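Here is structure_36.csv, consisting of CSV, C-alpha atoms and all ligand atoms:
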```csv
chain,number,residue,atom,x,y,z
A,619,MET,CA,23.0,8.6,-24.1
A,620,ALA,CA,24.3,5.2,-22.8
A,621,TYR,CA,23.0,1.8,-23.3
A,622,CYS,CA,22.6,-1.0,-20.8
A,623,SER,CA,25.3,-3.6,-21.1
A,624,ASN,CA,22.8,-6.2,-20.1
A,625,CYS,CA,19.5,-5.5,-21.9
A,626,GLY,CA,20.4,-2.7,-24.3
A,627,GLU,CA,17.9,-0.3,-22.8
A,628,LYS,CA,18.6,3.4,-23.3
A,629,ILE,CA,19.9,4.8,-20.1
A,630,PRO,CA,20.0,8.5,-19.2
A,631,ASP,CA,23.5,9.8,-18.9
A,632,ASP,CA,23.1,10.6,-15.3
A,633,ALA,CA,21.6,7.2,-14.4
A,634,PHE,CA,23.6,4.8,-12.2
A,635,PHE,CA,21.3,1.9,-12.9
A,636,CYS,CA,19.4,0.6,-15.9
A,637,PRO,CA,15.8,1.6,-15.5
A,638,LYS,CA,14.7,-1.7,-17.1
A,639,CYS,CA,16.8,-4.4,-15.6
A,640,GLY,CA,18.6,-2.6,-12.8
A,641,THR,CA,22.1,-3.4,-14.0
A,642,LYS,CA,24.6,-0.9,-12.8
A,643,THR,CA,25.8,1.4,-15.6
A,644,PRO,CA,29.4,2.3,-16.2
A,645,LYS,CA,28.6,5.7,-14.5
A,646,GLY,CA,27.2,3.8,-11.6
A,647,LYS,CA,30.2,1.6,-11.3
A,648,ALA,CA,32.5,4.6,-11.6
A,649,SER,CA,30.7,6.5,-8.8
A,650,ASN,CA,30.5,3.3,-6.8
A,651,ALA,CA,26.8,3.7,-6.2
A,652,ALA,CA,25.2,1.4,-3.8
A,653,TYR,CA,22.3,-0.7,-4.9
A,654,PRO,CA,19.1,0.9,-3.6
A,655,SER,CA,18.3,-2.1,-1.4
A,656,ASP,CA,18.3,0.1,1.7
A,657,ASP,CA,15.8,2.4,0.1
A,658,LEU,CA,13.6,-0.5,-0.9
A,659,ARG,CA,13.9,-2.1,2.5
A,660,ASP,CA,12.8,1.2,4.1
A,661,ALA,CA,9.9,1.5,1.7
A,662,PHE,CA,8.8,-2.0,2.4
A,663,TYR,CA,9.2,-1.4,6.1
A,664,LYS,CA,7.0,1.7,5.9
A,665,VAL,CA,4.5,-0.1,3.9
A,666,GLY,CA,4.5,-3.0,6.4
A,667,ILE,CA,3.9,-0.5,9.2
A,668,GLU,CA,1.0,1.0,7.3
A,669,LEU,CA,-0.5,-2.4,6.6
A,670,GLU,CA,0.0,-3.4,10.2
A,671,ARG,CA,-1.8,-0.3,11.4
A,672,ALA,CA,-4.6,-0.8,8.9
A,673,PHE,CA,-5.0,-4.4,10.0
A,674,SER,CA,-5.0,-3.6,13.7
A,675,MET,CA,-7.6,-0.9,13.0
A,676,ALA,CA,-9.7,-3.3,11.0
A,677,ALA,CA,-9.4,-5.9,13.8
A,678,ARG,CA,-10.4,-3.3,16.4
A,679,GLU,CA,-13.4,-2.3,14.3
A,680,THR,CA,-14.4,-5.9,13.8
A,681,HIS,CA,-14.0,-6.5,17.6
A,682,GLN,CA,-16.2,-3.6,18.3
A,683,ALA,CA,-18.8,-4.7,15.8
A,684,ILE,CA,-18.9,-8.1,17.4
A,685,LYS,CA,-19.1,-6.6,20.8
A,686,LYS,CA,-21.9,-4.3,19.7
A,687,ALA,CA,-23.7,-7.2,18.1
A,688,SER,CA,-23.5,-9.4,21.2
A,689,ASP,CA,-24.6,-6.4,23.3
A,690,ASN,CA,-27.6,-6.0,21.1
A,691,MET,CA,-28.4,-9.7,21.5
A,692,GLN,CA,-28.2,-9.4,25.2
A,693,GLN,CA,-30.4,-6.3,25.2
A,694,LYS,CA,-33.0,-7.9,23.1
A,695,PRO,CA,-36.2,-8.0,25.2
A,696,ALA,CA,-37.0,-11.4,26.5
A,697,SER,CA,-39.5,-13.2,24.4
A,698,THR,CA,-42.8,-14.1,25.9
A,699,GLN,CA,-41.6,-17.7,25.8
A,700,GLY,CA,-39.3,-16.9,28.7
A,701,THR,CA,-42.0,-15.5,30.9
A,702,LEU,CA,-44.6,-16.9,33.2
A,703,VAL,CA,-47.8,-15.0,33.2
A,704,CYS,CA,-49.4,-14.9,36.6
A,705,PRO,CA,-52.8,-16.6,36.3
A,706,SER,CA,-54.1,-14.4,39.1
A,707,CYS,CA,-53.0,-10.9,38.2
A,708,GLY,CA,-51.5,-11.3,34.7
A,709,THR,CA,-48.1,-10.0,35.7
A,710,LYS,CA,-45.3,-11.4,33.6
A,711,ASN,CA,-42.7,-13.1,35.7
A,712,HIS,CA,-39.3,-14.5,34.7
A,713,SER,CA,-39.4,-18.1,33.7
A,714,GLY,CA,-38.4,-20.3,36.6
A,715,SER,CA,-40.3,-18.1,39.0
A,716,ILE,CA,-42.5,-20.1,41.3
A,717,PHE,CA,-44.5,-17.3,42.8
A,718,CYS,CA,-45.7,-14.1,41.1
A,719,ASN,CA,-43.5,-11.2,42.1
A,720,ASN,CA,-46.6,-9.0,42.1
A,721,CYS,CA,-49.3,-10.8,44.0
A,722,GLY,CA,-47.5,-13.9,45.3
A,723,ALA,CA,-49.8,-16.3,43.6
A,724,LYS,CA,-48.3,-19.6,42.7
A,725,LEU,CA,-47.3,-19.7,39.1
A,726,ALA,CA,-47.2,-22.7,36.8
A,727,PRO,CA,-46.6,-25.9,38.9
A,728,ALA,CA,-43.2,-27.3,38.7
A,729,GLU,CA,-44.6,-30.8,38.2
A,730,LYS,CA,-47.3,-31.5,35.7
A,731,PRO,CA,-50.0,-33.7,36.9
A,732,GLN,CA,-49.5,-37.2,35.6
A,733,GLY,CA,-53.2,-37.8,35.3
A,734,SER,CA,-52.8,-41.3,36.8
A,735,THR,CA,-54.0,-40.1,40.2
B,801,ZN,ZN,19.2,-3.2,-18.6
B,802,ZN,ZN,-49.8,-12.2,40.2
```
Mind converting the file's structure to structure tokens?
Amino acid sequence: MAYCSNCGEKIPDDAFFCPKCGTKTPKGKASNAAYPSDDLRDAFYKVGIELERAFSMAARETHQAIKKASDNMQQKPASTQGTLVCPSCGTKNHSGSIFCNNCGAKLAPAEKPQGST
């Protein structure tokens, strides 16, 4: 059993680095072991890809949810406020219609009588 020259942690005989502080052990120095930075970088890189994928999926789901919500809003039936009911036949016409699309009767007059006449 070896001990870390830096922190005194017990180190397995076959370890190249101190498990506590990462200092290279005499065995590690002897075998010229490379610091595991490449492994770490690969691990971070993979994690980054996973995160990116998760984010893009979440973004896509959010986008779809927003789209669905806006579709629902557009599909919402027009309220009676936006319709003109024909005084003659009772057909509901789109607001802004001047003549009933069913019977041709004139709908609500565009100009309200002033009452001064
Ligand atoms: Zn150590
Ligand atoms: Zn009508």
Could you list, as JSON, numbers by chain, all the residues within 12 Å of ligand ZN 801 (chain B), counting all atoms listed in the file?
{"A": [620, 621, 622, 623, 624, 625, 626, 627, 628, 629, 630, 633, 634, 635, 636, 637, 638, 639, 640, 641, 642, 643, 644]}
Find the residues near ligand ZN 802 (chain B). Use a cut-off of 7 Å, count all atoms listed in the file, and write them as a PDB file with C-alpha atoms, in the coordinates of the input.
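Output file result_29.pdb follows:
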```pdb
ATOM      1  CA  CYS A 704     -49.400 -14.900  36.600  1.00  0.00           C
ATOM      2  CA  PRO A 705     -52.800 -16.600  36.300  1.00  0.00           C
ATOM      3  CA  SER A 706     -54.100 -14.400  39.100  1.00  0.00           C
ATOM      4  CA  CYS A 707     -53.000 -10.900  38.200  1.00  0.00           C
ATOM      5  CA  GLY A 708     -51.500 -11.300  34.700  1.00  0.00           C
ATOM      6  CA  THR A 709     -48.100 -10.000  35.700  1.00  0.00           C
ATOM      7  CA  CYS A 718     -45.700 -14.100  41.100  1.00  0.00           C
ATOM      8  CA  ASN A 719     -43.500 -11.200  42.100  1.00  0.00           C
ATOM      9  CA  ASN A 720     -46.600  -9.000  42.100  1.00  0.00           C
ATOM     10  CA  CYS A 721     -49.300 -10.800  44.000  1.00  0.00           C
ATOM     11  CA  GLY A 722     -47.500 -13.900  45.300  1.00  0.00           C
ATOM     12  CA  ALA A 723     -49.800 -16.300  43.600  1.00  0.00           C
TER      13      ALA A 723
END
```
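Among the candidates A:Gln692, A:Ala683, A:Ala661, A:Gly700, the one nearest to Ser713 (chain A) when counting all atoms listed in the file is A:Gly700.
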